[in-house]
$ cat upload36.cif   # mmCIF, C-alpha atoms and all ligand atoms
data_my_file
loop_
_atom_site.label_atom_id
_atom_site.label_comp_id
_atom_site.auth_asym_id
_atom_site.auth_seq_id
_atom_site.Cartn_x
_atom_site.Cartn_y
_atom_site.Cartn_z
CA MET A 1119 -6.60 -69.65 9.90
CA VAL A 1120 -9.85 -67.77 9.25
CA VAL A 1121 -11.88 -66.77 12.28
CA ASP A 1122 -15.47 -65.81 11.75
CA VAL A 1123 -16.62 -63.20 14.21
CA LEU A 1124 -20.30 -62.81 14.83
CA VAL A 1125 -21.12 -59.26 15.83
CA VAL A 1126 -24.39 -58.92 17.64
CA ARG A 1127 -25.72 -55.41 17.89
CA VAL A 1128 -28.08 -54.83 20.74
CA VAL A 1129 -30.44 -51.94 20.15
CA ASP A 1130 -32.24 -50.64 23.21
CA ALA A 1131 -36.00 -50.74 22.89
CA LYS A 1132 -37.32 -47.19 22.69
CA MET A 1133 -38.82 -45.88 25.90
CA ALA A 1134 -41.47 -43.27 26.39
CA PHE A 1135 -43.25 -41.63 29.27
CA ILE A 1136 -46.95 -42.30 29.80
CA ILE A 1137 -49.73 -40.13 31.23
CA THR A 1138 -52.09 -42.10 33.44
CA SER A 1139 -55.51 -41.60 35.04
CA SER A 1140 -54.51 -39.03 37.67
CA CYS A 1141 -54.30 -36.44 34.92
CA ILE A 1142 -58.08 -36.67 34.49
CA GLY A 1143 -59.69 -33.80 36.35
CA THR A 1144 -56.44 -31.84 36.61
CA THR A 1145 -55.08 -31.38 33.05
CA ASP A 1146 -53.18 -28.24 34.04
CA GLY A 1147 -50.63 -28.54 31.23
CA ALA A 1148 -47.58 -28.26 33.50
CA CYS A 1149 -45.97 -31.12 31.56
CA VAL A 1150 -46.52 -29.30 28.26
CA ASP A 1151 -44.61 -26.27 29.53
CA VAL A 1152 -41.42 -28.27 30.16
CA CYS A 1153 -41.42 -30.75 27.27
CA PRO A 1154 -38.51 -29.82 24.97
CA VAL A 1155 -39.93 -31.57 21.91
CA ASP A 1156 -43.65 -30.66 22.10
CA CYS A 1157 -44.73 -34.28 22.10
CA ILE A 1158 -47.63 -33.93 24.56
CA TYR A 1159 -50.92 -33.73 22.69
CA SER A 1160 -54.60 -33.16 23.30
CA LYS A 1161 -57.74 -32.00 21.56
CA LYS A 1162 -61.16 -30.78 22.65
CA GLY A 1163 -63.17 -33.60 24.19
CA ASP A 1164 -60.19 -35.52 25.59
CA ASN A 1165 -60.23 -36.13 29.33
CA HIS A 1166 -56.43 -36.13 29.68
CA LEU A 1167 -53.29 -35.34 27.71
CA PHE A 1168 -51.27 -37.88 25.72
CA ILE A 1169 -47.53 -38.30 25.21
CA ASN A 1170 -46.70 -39.42 21.68
CA PRO A 1171 -44.42 -42.44 22.24
CA ASP A 1172 -42.84 -41.99 18.79
CA GLU A 1173 -41.74 -38.44 19.60
CA CYS A 1174 -40.92 -38.62 23.33
CA ILE A 1175 -37.14 -38.49 23.85
CA ASP A 1176 -37.36 -39.97 27.34
CA CYS A 1177 -35.83 -36.89 28.99
CA ALA A 1178 -38.00 -37.19 32.15
CA ALA A 1179 -38.53 -33.42 32.44
CA CYS A 1180 -42.31 -33.81 32.67
CA GLU A 1181 -42.42 -36.38 35.45
CA PRO A 1182 -41.51 -34.19 38.47
CA VAL A 1183 -43.67 -31.21 37.46
CA CYS A 1184 -46.94 -33.14 37.39
CA PRO A 1185 -48.91 -32.10 40.51
CA VAL A 1186 -50.78 -35.41 40.66
CA ASP A 1187 -47.97 -37.86 39.81
CA ALA A 1188 -49.70 -39.01 36.64
CA ILE A 1189 -46.55 -39.51 34.54
CA PHE A 1190 -44.40 -42.65 34.53
CA PRO A 1191 -41.75 -44.20 32.31
CA ASP A 1192 -43.52 -46.94 30.34
CA ASP A 1193 -41.75 -49.71 32.22
CA GLU A 1194 -42.82 -48.28 35.59
CA VAL A 1195 -46.51 -47.72 34.94
CA PRO A 1196 -48.50 -49.29 37.79
CA GLU A 1197 -50.23 -52.53 36.83
CA ASN A 1198 -53.71 -51.06 37.25
CA GLU A 1199 -52.82 -48.18 34.89
CA SER A 1200 -51.28 -50.30 32.13
CA ALA A 1201 -54.19 -49.64 29.72
CA TYR A 1202 -52.81 -46.11 29.36
CA ILE A 1203 -49.75 -47.50 27.57
CA GLU A 1204 -51.90 -48.91 24.75
CA GLU A 1205 -54.12 -45.85 24.80
CA ALA A 1206 -51.10 -43.59 24.20
CA LYS A 1207 -49.90 -45.88 21.41
CA ASN A 1208 -53.28 -45.87 19.65
CA TYR A 1209 -54.23 -42.21 20.15
CA ASP A 1210 -54.82 -40.31 16.88
CA TYR A 1211 -52.01 -37.74 17.06
CA ASP A 1212 -52.72 -36.57 13.49
CA SER A 1213 -56.11 -35.19 14.48
CA SER A 1214 -54.71 -33.56 17.60
CA GLU A 1215 -52.21 -30.78 18.35
CA PRO A 1216 -49.27 -30.48 20.74
CA GLY A 1217 -50.22 -28.64 23.91
CA ASN A 1218 -53.10 -28.34 26.31
CA ASN A 1219 -56.07 -27.87 23.99
CA LEU A 1220 -58.83 -29.09 26.28
S1 LIG B 1301 -40.10 -37.42 28.88
FE1 LIG B 1301 -39.34 -35.48 27.99
S2 LIG B 1301 -39.79 -35.67 25.81
FE2 LIG B 1301 -41.03 -37.22 26.84
S3 LIG B 1301 -42.98 -36.22 27.20
FE3 LIG B 1301 -41.76 -35.93 29.05
S4 LIG B 1301 -40.78 -33.93 28.74
FE4 LIG B 1301 -41.53 -34.60 26.73
S1 LIG B 1302 -48.75 -32.17 34.44
FE1 LIG B 1302 -49.86 -34.04 35.03
S2 LIG B 1302 -51.95 -33.35 35.49
FE2 LIG B 1302 -50.92 -31.70 34.37
S3 LIG B 1302 -51.53 -32.07 32.23
FE3 LIG B 1302 -49.56 -33.07 32.55
S4 LIG B 1302 -50.06 -35.18 33.12
FE4 LIG B 1302 -51.92 -33.98 33.35
#
$ encode --input "upload36.cif" --output "structure tokens"
Amino acid sequence: MVVDVLVVRVVDAKMAFIITSSCIGTTDGACVDVCPVDCIYSKKGDNHLFINPDECIDCAACEPVCPVDAIFPDDEVPENESAYIEEAKNYDYDSSEPGNNL
């Protein structure tokens, strides 16, 4: 007897951390100092820093060091801050540099 076995592979959706509005006006770069993969970007003229969702390894090191609690895992971003998820996705990382360049 031949038994067909269907193997379903479940791949976890990639997570990333998101910087939200509280960063504006603080931008001290504390998150940059602890990020092990240099995936937090900014350039002159920005009003806050951005985490590149394609490079973030979801290690959570940045979250506790932020003095204004601006950083959340993408699935825990408060409803009224959800625009920052799209903003981080659409930010032009190619014309920016890792670090606090404000
Ligand atoms: S979660 Fe880790 S990898 Fe992602 S931005 Fe924060 S420190 Fe960097
Ligand atoms: S630690 Fe917080 S306030 Fe400081 S730059 Fe990072 S996100 Fe902004």
$ closest_residue --input "upload36.cif" --among "A:Pro1154, A:Pro1185, A:Gly1147, A:Gly1163" --to "ligand LIG 1301 (chain B)" --atoms "all atoms listed in the file"
A:Pro1154
$ residues_near_point --input "upload36.cif" --point "(-39.2, -44.7, 38.5)" --cutoff "12 Å" --atoms "only C-alpha atoms" --output "VMD selection string"
chain A and resid 1135 to 1136 1178 1181 to 1182 1187 1189 to 1196
$ axis_aligned_box --input "upload36.cif" --around "ligand LIG 1301 (chain B)" --padding-each-side "8 Å" --output "JSON"
{"center_x": -41.2, "center_y": -35.7, "center_z": 27.4, "size_x": 19.6, "size_y": 19.5, "size_z": 19.2}
$ closest_atom_pairs --input "upload36.cif" --of "chain A" --to "ligand LIG 1302 (chain B)" --cutoff "8 Å" --atoms "all atoms listed in the file" --output "Markdown table"
| residue | atom | partner | partner_atom | distance |
| --- | --- | --- | --- | --- |
| A:Ile1137 | CA | B:LIG1302 | S4 | 5.3 |
| A:Thr1138 | CA | B:LIG1302 | S4 | 7.2 |
| A:Ser1140 | CA | B:LIG1302 | S2 | 6.6 |
| A:Cys1141 | CA | B:LIG1302 | FE4 | 3.8 |
| A:Ile1142 | CA | B:LIG1302 | FE4 | 6.8 |
| A:Gly1143 | CA | B:LIG1302 | S2 | 7.8 |
| A:Thr1144 | CA | B:LIG1302 | S2 | 4.9 |
| A:Thr1145 | CA | B:LIG1302 | S3 | 3.7 |
| A:Asp1146 | CA | B:LIG1302 | FE2 | 4.1 |
| A:Gly1147 | CA | B:LIG1302 | S3 | 3.8 |
| A:Ala1148 | CA | B:LIG1302 | S1 | 4.2 |
| A:Cys1149 | CA | B:LIG1302 | S1 | 4.1 |
| A:Val1150 | CA | B:LIG1302 | FE3 | 6.5 |
| A:His1166 | CA | B:LIG1302 | FE4 | 6.2 |
| A:Leu1167 | CA | B:LIG1302 | S3 | 5.8 |
| A:Phe1168 | CA | B:LIG1302 | S4 | 8.0 |
| A:Cys1180 | CA | B:LIG1302 | S1 | 6.9 |
| A:Glu1181 | CA | B:LIG1302 | S1 | 7.7 |
| A:Val1183 | CA | B:LIG1302 | S1 | 6.0 |
| A:Cys1184 | CA | B:LIG1302 | S1 | 3.6 |
| A:Pro1185 | CA | B:LIG1302 | FE1 | 5.9 |
| A:Val1186 | CA | B:LIG1302 | S2 | 5.7 |
| A:Asp1187 | CA | B:LIG1302 | FE1 | 6.4 |
| A:Ala1188 | CA | B:LIG1302 | S4 | 5.2 |
| A:Ile1189 | CA | B:LIG1302 | S4 | 5.8 |
| A:Asn1218 | CA | B:LIG1302 | S3 | 7.2 |
$ atom_distance --input "upload36.cif" --atom1 "atom CA of A:Leu1220" --atom2 "atom CA of A:Ser1200"
23.3 Å
$ atom_distance --input "upload36.cif" --atom1 "atom CA of A:Lys1162" --atom2 "atom CA of A:Asn1198"
26.1 Å
$ residues_near_ligand --input "upload36.cif" --ligand "ligand LIG 1301 (chain B)" --cutoff "6 Å" --atoms "only C-alpha atoms and all ligand atoms" --output "list of chain:residue names"
A:Phe1135, A:Val1152, A:Cys1153, A:Pro1154, A:Val1155, A:Cys1157, A:Ile1158, A:Ile1169, A:Cys1174, A:Ile1175, A:Asp1176, A:Cys1177, A:Ala1178, A:Ala1179, A:Cys1180
$ atom_distance --input "upload36.cif" --atom1 "atom CA of A:Glu1205" --atom2 "atom CA of A:Asp1151"
22.3 Å
$ build_atoms --input "upload36.cif" --residues "stretch 1159-1172 of chain A" --atoms "N, CA and C atoms" --output "PDB file, in the coordinates of the input"
ATOM      1  N   TYR A1159     -49.811 -34.123  23.554  1.00  0.00           N
ATOM      2  CA  TYR A1159     -50.920 -33.730  22.690  1.00  0.00           C
ATOM      3  C   TYR A1159     -52.254 -33.778  23.421  1.00  0.00           C
ATOM      4  N   SER A1160     -53.211 -33.037  22.853  1.00  0.00           N
ATOM      5  CA  SER A1160     -54.600 -33.160  23.300  1.00  0.00           C
ATOM      6  C   SER A1160     -55.486 -32.427  22.295  1.00  0.00           C
ATOM      7  N   LYS A1161     -56.762 -32.723  22.378  1.00  0.00           N
ATOM      8  CA  LYS A1161     -57.740 -32.000  21.560  1.00  0.00           C
ATOM      9  C   LYS A1161     -59.017 -31.867  22.376  1.00  0.00           C
ATOM     10  N   LYS A1162     -59.885 -30.990  21.951  1.00  0.00           N
ATOM     11  CA  LYS A1162     -61.160 -30.780  22.650  1.00  0.00           C
ATOM     12  C   LYS A1162     -61.882 -32.113  22.797  1.00  0.00           C
ATOM     13  N   GLY A1163     -62.430 -32.369  23.966  1.00  0.00           N
ATOM     14  CA  GLY A1163     -63.170 -33.600  24.190  1.00  0.00           C
ATOM     15  C   GLY A1163     -62.362 -34.675  24.892  1.00  0.00           C
ATOM     16  N   ASP A1164     -61.017 -34.567  24.851  1.00  0.00           N
ATOM     17  CA  ASP A1164     -60.190 -35.520  25.590  1.00  0.00           C
ATOM     18  C   ASP A1164     -60.352 -35.287  27.086  1.00  0.00           C
ATOM     19  N   ASN A1165     -60.162 -36.338  27.874  1.00  0.00           N
ATOM     20  CA  ASN A1165     -60.230 -36.130  29.330  1.00  0.00           C
ATOM     21  C   ASN A1165     -58.850 -36.114  29.985  1.00  0.00           C
ATOM     22  N   HIS A1166     -57.803 -36.299  29.184  1.00  0.00           N
ATOM     23  CA  HIS A1166     -56.430 -36.130  29.680  1.00  0.00           C
ATOM     24  C   HIS A1166     -55.517 -35.904  28.489  1.00  0.00           C
ATOM     25  N   LEU A1167     -54.263 -35.577  28.777  1.00  0.00           N
ATOM     26  CA  LEU A1167     -53.290 -35.340  27.710  1.00  0.00           C
ATOM     27  C   LEU A1167     -52.575 -36.646  27.374  1.00  0.00           C
ATOM     28  N   PHE A1168     -51.922 -36.668  26.217  1.00  0.00           N
ATOM     29  CA  PHE A1168     -51.270 -37.880  25.720  1.00  0.00           C
ATOM     30  C   PHE A1168     -49.835 -37.570  25.292  1.00  0.00           C
ATOM     31  N   ILE A1169     -48.911 -38.425  25.669  1.00  0.00           N
ATOM     32  CA  ILE A1169     -47.530 -38.300  25.210  1.00  0.00           C
ATOM     33  C   ILE A1169     -47.352 -39.210  23.989  1.00  0.00           C
ATOM     34  N   ASN A1170     -46.924 -38.625  22.887  1.00  0.00           N
ATOM     35  CA  ASN A1170     -46.700 -39.420  21.680  1.00  0.00           C
ATOM     36  C   ASN A1170     -45.429 -40.267  21.874  1.00  0.00           C
ATOM     37  N   PRO A1171     -45.585 -41.586  21.949  1.00  0.00           N
ATOM     38  CA  PRO A1171     -44.420 -42.440  22.240  1.00  0.00           C
ATOM     39  C   PRO A1171     -43.386 -42.428  21.117  1.00  0.00           C
ATOM     40  N   ASP A1172     -43.798 -42.039  19.901  1.00  0.00           N
ATOM     41  CA  ASP A1172     -42.840 -41.990  18.790  1.00  0.00           C
ATOM     42  C   ASP A1172     -42.001 -40.716  18.817  1.00  0.00           C
TER      43      ASP A1172
END
